[in-house]
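Chemist: One file: my_file00.txt (compact mmCIF, C-alpha atoms and all ligand atoms).
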```txt
# COMPACT_ATOMS: atom_id res chain seq x y z
CA LEU A 1 0.00 0.00 0.00
CA VAL A 2 1.21 3.46 -0.88
CA ILE A 3 0.37 4.76 2.63
CA PRO A 4 0.99 1.83 5.01
CA ALA A 5 0.03 3.61 8.24
CA PHE A 6 -3.27 4.91 6.88
CA ASP A 7 -4.89 5.28 10.32
CA GLU A 8 -2.16 7.60 11.42
CA PHE A 9 -2.31 9.54 8.14
CA ARG A 10 -6.06 9.96 8.60
CA ASP A 11 -5.61 11.35 12.11
CA GLN A 12 -3.01 13.82 10.88
CA LEU A 13 -5.32 14.97 8.09
CA ASP A 14 -8.12 15.51 10.61
CA THR A 15 -5.77 17.62 12.74
CA ILE A 16 -4.86 19.77 9.74
CA PHE A 17 -8.54 20.01 8.79
CA ASP A 18 -9.52 21.18 12.28
CA ALA A 19 -6.72 23.75 12.32
CA CYS A 20 -8.00 25.26 9.06
CA ARG A 21 -11.51 25.72 10.45
CA ASP A 22 -10.49 28.95 12.28
CA GLU A 23 -9.76 30.51 8.93
CA ALA A 24 -12.75 32.81 8.48
CA SER A 25 -11.41 35.33 5.98
CA GLY A 26 -12.58 35.72 2.40
CA SER A 27 -16.11 35.75 1.05
CA VAL A 28 -18.34 33.49 -1.00
CA ALA A 29 -18.68 34.07 -4.75
CA SER A 30 -21.49 36.51 -5.38
CA TYR A 31 -21.76 36.77 -9.17
CA ILE A 32 -24.81 34.51 -9.12
CA PRO A 33 -27.36 34.29 -6.25
CA GLN A 34 -27.10 30.49 -6.05
CA LEU A 35 -23.45 30.68 -5.03
CA ALA A 36 -23.96 33.75 -2.82
CA ARG A 37 -26.56 31.82 -0.78
CA VAL A 38 -24.28 28.88 0.11
CA ASP A 39 -23.49 28.58 3.83
CA PRO A 40 -19.96 30.05 4.10
CA GLU A 41 -19.14 27.76 7.05
CA LYS A 42 -19.44 24.57 4.99
CA PHE A 43 -16.18 22.66 5.08
CA ALA A 44 -15.29 19.20 3.88
CA MET A 45 -12.23 17.21 2.93
CA ALA A 46 -11.71 13.80 1.39
CA VAL A 47 -8.71 11.77 0.33
CA CYS A 48 -8.36 8.69 -1.85
CA THR A 49 -5.05 6.91 -2.46
CA ILE A 50 -4.06 5.15 -5.66
CA ASP A 51 -4.78 1.91 -3.78
CA GLY A 52 -8.31 3.07 -3.03
CA GLN A 53 -7.81 3.80 0.69
CA ARG A 54 -10.28 6.53 1.58
CA HIS A 55 -11.19 8.97 4.27
CA SER A 56 -13.44 12.01 4.49
CA VAL A 57 -14.42 14.53 7.13
CA GLY A 58 -16.77 17.51 7.69
CA ASP A 59 -19.68 18.19 5.31
CA ASP A 60 -18.55 15.31 3.16
CA HIS A 61 -22.05 14.29 2.03
CA ASP A 62 -23.00 17.78 0.82
CA SER A 63 -22.68 18.34 -2.89
CA PHE A 64 -21.48 21.56 -4.51
CA CYS A 65 -21.15 22.62 -8.12
CA VAL A 66 -17.79 21.87 -9.61
CA GLN A 67 -17.35 25.21 -11.44
CA SER A 68 -13.78 25.55 -12.70
CA THR A 69 -12.76 22.11 -11.50
CA CYS A 70 -14.51 20.94 -14.69
CA LYS A 71 -11.68 22.56 -16.66
CA PRO A 72 -9.00 19.88 -16.16
CA VAL A 73 -11.62 17.18 -16.69
CA ASN A 74 -12.82 18.68 -19.98
CA TYR A 75 -9.25 19.23 -21.12
CA ALA A 76 -8.28 15.62 -20.37
CA ILE A 77 -11.43 14.33 -22.10
CA ALA A 78 -10.80 16.47 -25.20
CA HIS A 79 -7.14 15.41 -25.17
CA GLY A 80 -8.12 11.75 -25.00
CA LEU A 81 -10.35 12.19 -28.06
CA SER A 82 -7.58 13.65 -30.23
CA SER A 83 -3.95 14.48 -29.53
CA ALA A 84 -1.82 17.10 -27.82
CA ASP A 85 -0.92 18.65 -31.18
CA SER A 86 -4.45 18.98 -32.38
CA ILE A 87 -5.79 20.39 -29.08
CA HIS A 88 -2.92 22.80 -28.78
CA SER A 89 -3.54 24.20 -32.22
CA HIS A 90 -6.59 25.78 -30.50
CA VAL A 91 -5.39 26.49 -26.95
CA GLY A 92 -1.99 27.37 -25.48
CA ARG A 93 -0.26 25.92 -22.46
CA GLU A 94 1.29 28.97 -20.84
CA PRO A 95 0.03 30.67 -17.68
CA SER A 96 -1.67 33.96 -18.55
CA GLY A 97 -0.66 35.86 -15.41
CA ARG A 98 -4.15 37.43 -15.61
CA SER A 99 -7.44 36.71 -13.93
CA PHE A 100 -9.42 33.66 -15.08
CA ASN A 101 -11.89 35.66 -17.12
CA GLU A 102 -9.61 38.36 -18.52
CA LEU A 103 -10.45 39.34 -22.08
CA THR A 104 -7.09 38.44 -23.54
CA LEU A 105 -5.54 35.96 -25.95
CA ASN A 106 -1.94 34.92 -26.53
CA PRO A 107 0.16 36.34 -29.40
CA ALA A 108 -1.10 33.53 -31.65
CA GLY A 109 -4.70 34.65 -31.02
CA LEU A 110 -5.46 31.58 -28.89
CA PRO A 111 -6.54 31.32 -25.26
CA HIS A 112 -3.48 31.05 -23.01
CA ASN A 113 -4.33 27.69 -21.44
CA PRO A 114 -7.30 25.38 -20.77
CA MET A 115 -7.49 26.23 -17.03
CA ILE A 116 -8.89 29.75 -17.55
CA ASN A 117 -12.33 30.51 -18.94
CA ALA A 118 -11.37 31.21 -22.55
CA GLY A 119 -9.32 28.02 -22.80
CA ALA A 120 -11.97 25.99 -21.04
CA ILE A 121 -14.63 27.22 -23.48
CA MET A 122 -12.24 26.16 -26.25
CA ALA A 123 -11.62 22.71 -24.73
CA SER A 124 -15.39 22.24 -24.42
CA SER A 125 -15.79 23.03 -28.12
CA LEU A 126 -13.38 20.17 -28.92
CA ILE A 127 -15.38 17.43 -27.17
CA LYS A 128 -17.36 15.50 -29.82
CA PRO A 129 -18.47 18.64 -31.71
CA GLU A 130 -20.19 16.50 -34.36
CA GLU A 131 -22.68 15.09 -31.84
CA SER A 132 -25.81 16.62 -30.34
CA LEU A 133 -25.46 18.67 -27.18
CA ALA A 134 -27.45 16.03 -25.30
CA ASP A 135 -25.04 13.27 -26.32
CA ARG A 136 -22.01 15.43 -25.60
CA PHE A 137 -23.22 16.24 -22.09
CA ASP A 138 -24.14 12.61 -21.52
CA PHE A 139 -20.61 11.64 -22.51
CA VAL A 140 -19.05 14.15 -20.10
CA MET A 141 -21.34 12.96 -17.29
CA SER A 142 -20.32 9.35 -17.99
CA LYS A 143 -16.67 10.40 -17.63
CA TRP A 144 -17.36 12.08 -14.27
CA ARG A 145 -19.06 8.87 -13.18
CA GLU A 146 -16.18 6.65 -14.29
CA LEU A 147 -13.49 8.97 -12.94
CA GLY A 148 -15.28 8.95 -9.58
CA GLY A 149 -15.60 5.17 -9.30
CA GLY A 150 -19.23 4.91 -10.41
CA ALA A 151 -20.83 7.58 -8.21
CA GLU A 152 -23.59 9.41 -10.05
CA PRO A 153 -22.84 13.13 -10.52
CA GLY A 154 -25.71 15.60 -10.14
CA PHE A 155 -26.63 18.62 -12.21
CA ASP A 156 -27.60 22.01 -10.81
CA ASN A 157 -30.05 23.45 -13.29
CA THR A 158 -30.52 26.64 -11.28
CA VAL A 159 -26.79 27.37 -11.38
CA PHE A 160 -26.76 26.57 -15.09
CA LEU A 161 -29.61 28.97 -15.84
CA SER A 162 -28.13 31.80 -13.83
CA GLU A 163 -24.61 31.23 -15.19
CA LYS A 164 -26.11 31.54 -18.64
CA ALA A 165 -28.12 34.63 -17.76
CA THR A 166 -25.13 36.51 -16.33
CA ALA A 167 -22.38 35.35 -18.63
CA ASP A 168 -21.60 38.49 -20.62
CA ARG A 169 -17.87 38.00 -20.09
CA ASN A 170 -17.93 34.38 -21.26
CA PHE A 171 -19.94 35.40 -24.33
CA ALA A 172 -17.40 38.17 -24.96
CA LEU A 173 -14.52 35.69 -24.65
CA ALA A 174 -16.19 33.33 -27.10
CA TYR A 175 -16.83 36.08 -29.67
CA PHE A 176 -13.29 37.38 -29.23
CA MET A 177 -11.91 33.89 -29.91
CA ARG A 178 -14.16 33.50 -32.94
CA GLU A 179 -13.06 36.90 -34.25
CA ASN A 180 -9.49 35.62 -34.03
CA GLY A 181 -10.29 32.38 -35.83
CA ALA A 182 -9.35 30.31 -32.78
CA PHE A 183 -12.19 27.74 -32.96
CA PRO A 184 -12.30 24.77 -35.33
CA PRO A 185 -14.45 25.42 -38.42
CA ASN A 186 -18.22 25.04 -37.91
CA THR A 187 -18.11 25.52 -34.15
CA ASN A 188 -21.54 26.44 -32.82
CA LEU A 189 -20.74 29.24 -30.39
CA MET A 190 -24.02 29.23 -28.45
CA GLU A 191 -23.98 25.47 -28.02
CA THR A 192 -20.37 25.57 -26.93
CA LEU A 193 -21.17 28.13 -24.23
CA ASP A 194 -24.20 26.17 -23.03
CA PHE A 195 -22.04 23.07 -22.86
CA TYR A 196 -19.37 24.88 -20.84
CA PHE A 197 -21.97 26.32 -18.40
CA GLN A 198 -23.51 22.87 -18.03
CA CYS A 199 -20.14 21.35 -17.19
CA CYS A 200 -19.59 24.07 -14.53
CA SER A 201 -23.00 23.14 -13.05
CA ILE A 202 -22.23 19.47 -12.41
CA ARG A 203 -22.62 18.70 -8.69
CA ILE A 204 -20.62 16.23 -6.65
CA ASP A 205 -19.34 15.88 -3.08
CA VAL A 206 -15.75 15.76 -1.82
CA ARG A 207 -15.75 11.95 -1.59
CA HIS A 208 -16.50 11.72 -5.31
CA MET A 209 -14.04 14.51 -6.18
CA ALA A 210 -11.22 12.85 -4.19
CA ILE A 211 -11.63 9.68 -6.25
CA ILE A 212 -11.39 11.77 -9.43
CA ALA A 213 -8.20 13.39 -8.10
CA ALA A 214 -6.89 9.93 -7.25
CA THR A 215 -7.68 8.69 -10.77
CA LEU A 216 -5.54 11.56 -12.06
CA ALA A 217 -2.83 10.66 -9.49
CA ASN A 218 -3.01 7.11 -10.82
CA GLY A 219 -2.40 7.97 -14.48
CA GLY A 220 -6.08 7.69 -15.51
CA VAL A 221 -6.98 4.36 -13.88
CA CYS A 222 -9.67 4.70 -11.22
CA PRO A 223 -8.31 3.25 -7.96
CA THR A 224 -11.68 2.00 -6.73
CA THR A 225 -12.77 0.20 -9.91
CA SER A 226 -9.42 -0.41 -11.69
CA GLN A 227 -11.05 0.94 -14.86
CA ARG A 228 -8.88 2.94 -17.25
CA VAL A 229 -10.86 6.12 -17.81
CA LEU A 230 -8.23 8.38 -19.37
CA ASP A 231 -5.02 7.58 -21.22
CA ALA A 232 -1.73 8.27 -19.46
CA GLU A 233 -0.61 11.03 -21.83
CA SER A 234 -3.84 13.01 -21.43
CA VAL A 235 -3.46 12.79 -17.66
CA ARG A 236 0.19 13.78 -17.71
CA ASN A 237 -0.50 16.84 -19.83
CA CYS A 238 -3.51 17.74 -17.71
CA LEU A 239 -1.43 17.56 -14.51
CA SER A 240 1.30 19.72 -16.06
CA LEU A 241 -1.26 22.41 -16.79
CA MET A 242 -2.88 22.09 -13.37
CA TYR A 243 0.57 22.58 -11.88
CA SER A 244 1.37 25.71 -13.87
CA CYS A 245 -2.11 27.22 -14.31
CA GLY A 246 -4.63 25.56 -11.96
CA MET A 247 -4.88 28.14 -9.18
CA TYR A 248 -5.79 31.28 -11.15
CA ASP A 249 -3.43 34.16 -10.43
CA TYR A 250 -1.91 32.32 -7.54
CA SER A 251 -0.66 29.41 -9.65
CA GLY A 252 3.03 30.32 -9.51
CA GLU A 253 2.93 30.94 -5.78
CA PHE A 254 1.02 27.69 -5.20
CA ALA A 255 3.47 25.70 -7.33
CA PHE A 256 6.32 27.25 -5.36
CA THR A 257 4.96 26.70 -1.87
CA VAL A 258 2.75 23.60 -2.20
CA GLY A 259 4.28 22.09 -5.32
CA ILE A 260 1.53 19.78 -6.59
CA PRO A 261 -1.03 19.93 -9.42
CA ALA A 262 -4.29 21.51 -8.26
CA LYS A 263 -7.48 23.07 -9.56
CA SER A 264 -9.86 25.37 -7.78
CA GLY A 265 -13.37 26.56 -8.59
CA VAL A 266 -15.43 29.58 -7.48
CA SER A 267 -17.78 27.31 -5.53
CA GLY A 268 -14.88 26.85 -3.10
CA ALA A 269 -13.94 23.44 -4.48
CA LEU A 270 -10.29 22.45 -4.64
CA MET A 271 -8.82 19.32 -6.15
CA LEU A 272 -5.24 18.34 -5.25
CA VAL A 273 -3.27 15.60 -6.97
CA VAL A 274 -0.19 13.96 -5.50
CA PRO A 275 0.97 11.93 -8.53
CA GLY A 276 1.56 8.27 -7.73
CA VAL A 277 0.18 8.70 -4.20
CA CYS A 278 -3.30 10.12 -3.75
CA GLY A 279 -5.90 12.76 -4.54
CA PHE A 280 -7.62 15.22 -2.20
CA ALA A 281 -10.77 17.27 -2.49
CA ILE A 282 -11.54 20.20 -0.22
CA TRP A 283 -14.68 22.29 -0.22
CA SER A 284 -15.06 25.54 1.67
CA PRO A 285 -16.93 28.37 -0.08
CA ARG A 286 -15.11 31.47 1.18
CA LEU A 287 -12.70 32.69 -1.49
CA ASP A 288 -9.62 34.89 -1.44
CA ARG A 289 -8.88 37.74 -3.85
CA CYS A 290 -7.75 35.35 -6.59
CA GLY A 291 -10.91 33.21 -6.33
CA ASN A 292 -9.37 30.25 -4.48
CA SER A 293 -10.94 28.69 -1.39
CA VAL A 294 -9.21 30.27 1.63
CA ARG A 295 -9.39 27.13 3.76
CA GLY A 296 -8.58 24.98 0.75
CA VAL A 297 -5.31 26.81 0.10
CA ARG A 298 -4.48 26.78 3.79
CA PHE A 299 -5.13 23.03 3.96
CA ALA A 300 -2.86 22.44 0.96
CA GLN A 301 -0.10 24.53 2.52
CA GLU A 302 -0.29 22.75 5.86
CA LEU A 303 -0.38 19.40 4.10
CA SER A 304 2.72 20.20 2.12
CA LYS A 305 4.51 21.34 5.28
CA LYS A 306 3.64 18.13 7.09
CA TYR A 307 4.36 15.67 4.25
CA SER A 308 6.93 15.85 1.49
CA PHE A 309 4.33 15.98 -1.26
CA HIS A 310 6.02 18.92 -2.99
CA SER A 311 7.14 17.70 -6.44
CA TYR A 312 10.71 18.80 -5.80
CA ALA A 313 10.98 17.91 -2.14
CA THR A 314 13.83 15.60 -1.28
CA MET A 315 13.49 16.02 2.47
N1 LIG A 401 -18.83 29.42 -14.15
C1 LIG A 401 -17.74 30.27 -13.85
C2 LIG A 401 -17.41 31.14 -15.02
O1 LIG A 401 -17.34 30.65 -16.13
C3 LIG A 401 -16.58 29.41 -13.47
C4 LIG A 401 -15.43 30.21 -13.13
C5 LIG A 401 -14.63 29.68 -12.01
O2 LIG A 401 -14.89 28.71 -11.28
N2 LIG A 401 -13.58 30.42 -11.81
O3 LIG A 401 -17.21 32.34 -14.86
```
Show me the file's structure as structure tokens.
Modeler:
Amino acid sequence: LVIPAFDEFRDQLDTIFDACRDEASGSVASYIPQLARVDPEKFAMAVCTIDGQRHSVGDDHDSFCVQSTCKPVNYAIAHGLSSADSIHSHVGREPSGRSFNELTLNPAGLPHNPMINAGAIMASSLIKPEESLADRFDFVMSKWRELGGGAEPGFDNTVFLSEKATADRNFALAYFMRENGAFPPNTNLMETLDFYFQCCSIRIDVRHMAIIAATLANGGVCPTTSQRVLDAESVRNCLSLMYSCGMYDYSGEFAFTVGIPAKSGVSGALMLVVPGVCGFAIWSPRLDRCGNSVRGVRFAQELSKKYSFHSYATM
């Protein structure tokens, strides 16, 4: 087993979790009422190792919408359907150094990377564009199910409708990309945006999300079912981008201090991947200035201090 003394590990995680509870700074996302209404005190954490050892604590049965944590999943799915070269003729792989929804493209007229809104809209456009929206969403939902060991993901229609109703910036990003010829020919812009908003509105709990993170830690094979869900190259490239671009404007700092691939979402979700070891999910809705969960970041920092999970740690 990758973590032989799992009981002890679990106790240590609970201690870190409890220590992060005092963290009361930040505020919940308010751009749509459905997120603004979430109880800011909610807090949950789950872990799953590549051997399928699991633990969870706090509000671990409450579901939340995945928001930007759908970005690595959609990227890996799109990657698995084609190749790195073909995907990256439509989206870059460089951090933007700007906020996640900044109206900006790289010098080639492409979104900077798939972990910010523009690039995530692009990655969504590359998932089975020839099929109906219903079949495309069904396919994405089946991937969330398989990545999470068979648990059924939910869908938050209210979040979807209000995302769509307040998405001027995402519409602007899509038109800006189309103006620059960034999309593949025949891309249906409105359908692509609906698809992206729907993916952001998928609901799961931390137990499910930790298994997804563990599947990524395990090179695409789900630890609880042994099913290969993603190919190893798609996962490797996805983790590289999570490492360099997964934490919005804090990605460089996070890579420096914590040193593992991660992805956050404005719902307060945070997915952490320790390649070859385990995956974590944390959910706590209060966000910092960059849009990352305050307690989530704190948990990741404490975790990395306690264990040598940093990619370049040799001590
Ligand atoms: N639905 C949000 C948006 O597209 C997701 C952004 C996020 O989690 N940062 O603006």
Chemist: So, counting all atoms listed in the file, which residue among A:Arg21, A:Phe100, A:Ala76, A:Lys305 is closest to A:Thr215?
Modeler: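 That would be A:Ala76, the residue with the smallest distance to A:Thr215.
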Chemist: Rounded to one decimal place, report the atom CA of A:Thr224-atom CA of A:Ser56 distance in Å.
Modeler: 15.1 Å
Chemist: Calculated over only C-alpha atoms, which of the candidates A:Gly97, A:Gly92, A:Gly26, A:Gly119 has the smallest distance to A:Tyr196?
Modeler: A:Gly119
Chemist: Between A:Asn186, A:Ser267, A:Gln227, A:Ser311, which has the minimum distance to A:Val28 (counting only C-alpha atoms)?
Modeler: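 For A:Val28, the nearest of the candidates is A:Ser267.
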Chemist: So, with all atoms listed in the file as the atoms that count, which of A:Ser308, A:Asn237, A:Asn101, A:Ser25 lies closest to ligand LIG 401 (chain A)?
Modeler: A:Asn101
Chemist: Neighbours of ligand LIG 401 (chain A) within 7 Å, counting all atoms listed in the file, as a list of chain:residue names?
Modeler: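 The residues within 7 Å of ligand LIG 401 (chain A), counting all atoms listed in the file, are A:Gln67, A:Ser68, A:Thr69, A:Phe100, A:Asn101, A:Asn117, A:Glu163, A:Asn170, A:Phe197, A:Cys200, A:Ser264, A:Gly265, A:Val266, A:Ser267, A:Gly291.
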Chemist: Considering only C-alpha atoms, return as a PyMOL selection string whatever protein or nucleic-acid residues lie within 6 Å of stretch 272-286 of chain A, sequence-local ones (same chain, fewer than 3 positions apart) excluded.
Modeler: chain A and resi 26-28+40+42-50+206+209-210+213-214+217-218+261-262+267-269+293+296
Chemist: What does the distance between atom CA of A:Ile16 and atom CA of A:Leu270 come to in Å, to one decimal place?
Modeler: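 One can read the atom CA of A:Ile16 to atom CA of A:Leu270 distance as 15.6 Å.
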Chemist: Using all atoms listed in the file, which of A:Ala165, A:Leu303, A:Leu193, A:Val258 sits nearest A:Pro33?
Modeler: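 Going through A:Ala165, A:Leu303, A:Leu193, A:Val258 one by one, the smallest distance to A:Pro33 is for A:Ala165.
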Chemist: For a quick check of understanding, using only C-alpha atoms, which of A:Arg145, A:Arg228, A:Arg10, A:Arg37 has the smallest distance to A:His55?
Modeler: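 Looking only at the distances to A:His55, the closest residue turns out to be A:Arg10.
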Chemist: Go ahead and compute the interatomic distance for atom CA of A:Ala182 and atom CA of A:Asp85, in Å to one decimal.
Modeler: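 Spanning atom CA of A:Ala182 to atom CA of A:Asp85 is a straight-line distance of 14.5 Å.
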Chemist: Anything within 6 Å of (-20.1, 19.1, -26.5): list those residues as a tab-separated table (two decimals) with C-alpha atoms, in the coordinates of the input, counting all atoms listed in the file and sticking to the file's coordinates.
Modeler:
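Printed below is result.tsv as written:
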```
chain	number	residue	atom	x	y	z
A	127	ILE	CA	-15.38	17.43	-27.17
A	128	LYS	CA	-17.36	15.50	-29.82
A	129	PRO	CA	-18.47	18.64	-31.71
A	133	LEU	CA	-25.46	18.67	-27.18
A	136	ARG	CA	-22.01	15.43	-25.60
A	195	PHE	CA	-22.04	23.07	-22.86
```
Chemist: Write out as a PyMOL selection string the residues lying within 7 Å of A:Ile204, counting only C-alpha atoms and excluding same-chain residues fewer than 2 positions away.
Modeler: chain A and resi 63-66+153-154+202+206+208-209
Chemist: Could you please give me, as a VMD selection string, the residues of protein, DNA or RNA lying at most 12 Å from (-14.9, -2.3, -10.9) in the coordinate frame of the file, considering all atoms listed in the file?
Modeler: chain A and resid 52 146 to 151 221 to 229
Chemist: Deliver the residues from the most recent selection as a file, using C-alpha atoms, as a PDB file, in the coordinates of the input.
Modeler:
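Dumped everything to result_15.pdb:
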```
ATOM      1  CA  GLY A  52      -8.310   3.070  -3.030  1.00  0.00           C
ATOM      2  CA  GLU A 146     -16.180   6.650 -14.290  1.00  0.00           C
ATOM      3  CA  LEU A 147     -13.490   8.970 -12.940  1.00  0.00           C
ATOM      4  CA  GLY A 148     -15.280   8.950  -9.580  1.00  0.00           C
ATOM      5  CA  GLY A 149     -15.600   5.170  -9.300  1.00  0.00           C
ATOM      6  CA  GLY A 150     -19.230   4.910 -10.410  1.00  0.00           C
ATOM      7  CA  ALA A 151     -20.830   7.580  -8.210  1.00  0.00           C
ATOM      8  CA  VAL A 221      -6.980   4.360 -13.880  1.00  0.00           C
ATOM      9  CA  CYS A 222      -9.670   4.700 -11.220  1.00  0.00           C
ATOM     10  CA  PRO A 223      -8.310   3.250  -7.960  1.00  0.00           C
ATOM     11  CA  THR A 224     -11.680   2.000  -6.730  1.00  0.00           C
ATOM     12  CA  THR A 225     -12.770   0.200  -9.910  1.00  0.00           C
ATOM     13  CA  SER A 226      -9.420  -0.410 -11.690  1.00  0.00           C
ATOM     14  CA  GLN A 227     -11.050   0.940 -14.860  1.00  0.00           C
ATOM     15  CA  ARG A 228      -8.880   2.940 -17.250  1.00  0.00           C
ATOM     16  CA  VAL A 229     -10.860   6.120 -17.810  1.00  0.00           C
TER      17      VAL A 229
END
```
Chemist: Quick one: contact table of stretch 104-184 of chain A to stretch 239-250 of chain A, 10 Å max, nearest atom pair and distance in Å to one decimal per residue, counting all atoms listed in the file, chain and number order, as JSON lines?
Modeler:
```
{"residue": "A:His112", "atom": "CA", "partner": "A:Cys245", "partner_atom": "CA", "distance": 9.6}
{"residue": "A:Asn113", "atom": "CA", "partner": "A:Cys245", "partner_atom": "CA", "distance": 7.5}
{"residue": "A:Pro114", "atom": "CA", "partner": "A:Leu241", "partner_atom": "CA", "distance": 7.8}
{"residue": "A:Met115", "atom": "CA", "partner": "A:Gly246", "partner_atom": "CA", "distance": 5.9}
{"residue": "A:Ile116", "atom": "CA", "partner": "A:Tyr248", "partner_atom": "CA", "distance": 7.3}
```
Chemist: At a cut-off of 8 Å, using only C-alpha atoms, what residues contact A:Ser234? Leave out same-chain residues fewer than 2 positions from it and give the result as a PyMOL selection string.
Modeler: chain A and resi 76-77+79-80+84+230-232+236-238
Chemist: Within 8 Å of A:Leu1, counting only C-alpha atoms, which residues show up once you throw out same-chain ones fewer than 2 positions away? Write them as a ChimeraX atom specification, please.
Modeler: /A:3-4,51
Chemist: Starting from the incomplete input, reconstruct N, CA and C atoms of stretch 247-264 of chain A and report them as a tab-separated table (two decimals), keeping the file's coordinate frame.
Modeler:
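Result file follows (selection.tsv):
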```tsv
chain	number	residue	atom	x	y	z
A	247	MET	N	-4.42	27.38	-10.34
A	247	MET	CA	-4.88	28.14	-9.18
A	247	MET	C	-5.04	29.63	-9.52
A	248	TYR	N	-5.58	29.90	-10.71
A	248	TYR	CA	-5.79	31.28	-11.15
A	248	TYR	C	-4.47	32.04	-11.06
A	249	ASP	N	-4.59	33.28	-10.56
A	249	ASP	CA	-3.43	34.16	-10.43
A	249	ASP	C	-2.46	33.82	-9.33
A	250	TYR	N	-2.74	32.73	-8.67
A	250	TYR	CA	-1.91	32.32	-7.54
A	250	TYR	C	-1.14	31.06	-7.93
A	251	SER	N	-1.21	30.70	-9.22
A	251	SER	CA	-0.66	29.41	-9.65
A	251	SER	C	0.84	29.30	-9.41
A	252	GLY	N	1.58	30.37	-9.69
A	252	GLY	CA	3.03	30.32	-9.51
A	252	GLY	C	3.39	30.18	-8.05
A	253	GLU	N	2.70	30.97	-7.22
A	253	GLU	CA	2.93	30.94	-5.78
A	253	GLU	C	2.57	29.55	-5.21
A	254	PHE	N	1.47	29.00	-5.69
A	254	PHE	CA	1.02	27.69	-5.20
A	254	PHE	C	2.02	26.61	-5.62
A	255	ALA	N	2.49	26.68	-6.86
A	255	ALA	CA	3.47	25.70	-7.33
A	255	ALA	C	4.76	25.80	-6.52
A	256	PHE	N	5.11	27.03	-6.14
A	256	PHE	CA	6.32	27.25	-5.36
A	256	PHE	C	6.18	26.71	-3.94
A	257	THR	N	5.07	27.05	-3.29
A	257	THR	CA	4.96	26.70	-1.87
A	257	THR	C	4.40	25.29	-1.65
A	258	VAL	N	3.39	24.91	-2.42
A	258	VAL	CA	2.75	23.60	-2.20
A	258	VAL	C	3.37	22.56	-3.14
A	259	GLY	N	3.51	22.93	-4.40
A	259	GLY	CA	4.28	22.09	-5.32
A	259	GLY	C	3.59	20.86	-5.87
A	260	ILE	N	2.25	20.90	-5.96
A	260	ILE	CA	1.53	19.78	-6.59
A	260	ILE	C	0.45	20.32	-7.54
A	261	PRO	N	0.05	19.51	-8.52
A	261	PRO	CA	-1.03	19.93	-9.42
A	261	PRO	C	-2.33	20.13	-8.65
A	262	ALA	N	-3.05	21.19	-8.98
A	262	ALA	CA	-4.29	21.51	-8.26
A	262	ALA	C	-5.23	22.25	-9.19
A	263	LYS	N	-6.52	22.21	-8.85
A	263	LYS	CA	-7.48	23.07	-9.56
A	263	LYS	C	-8.56	23.51	-8.61
A	264	SER	N	-8.83	24.81	-8.64
A	264	SER	CA	-9.86	25.37	-7.78
A	264	SER	C	-11.06	25.80	-8.61
```
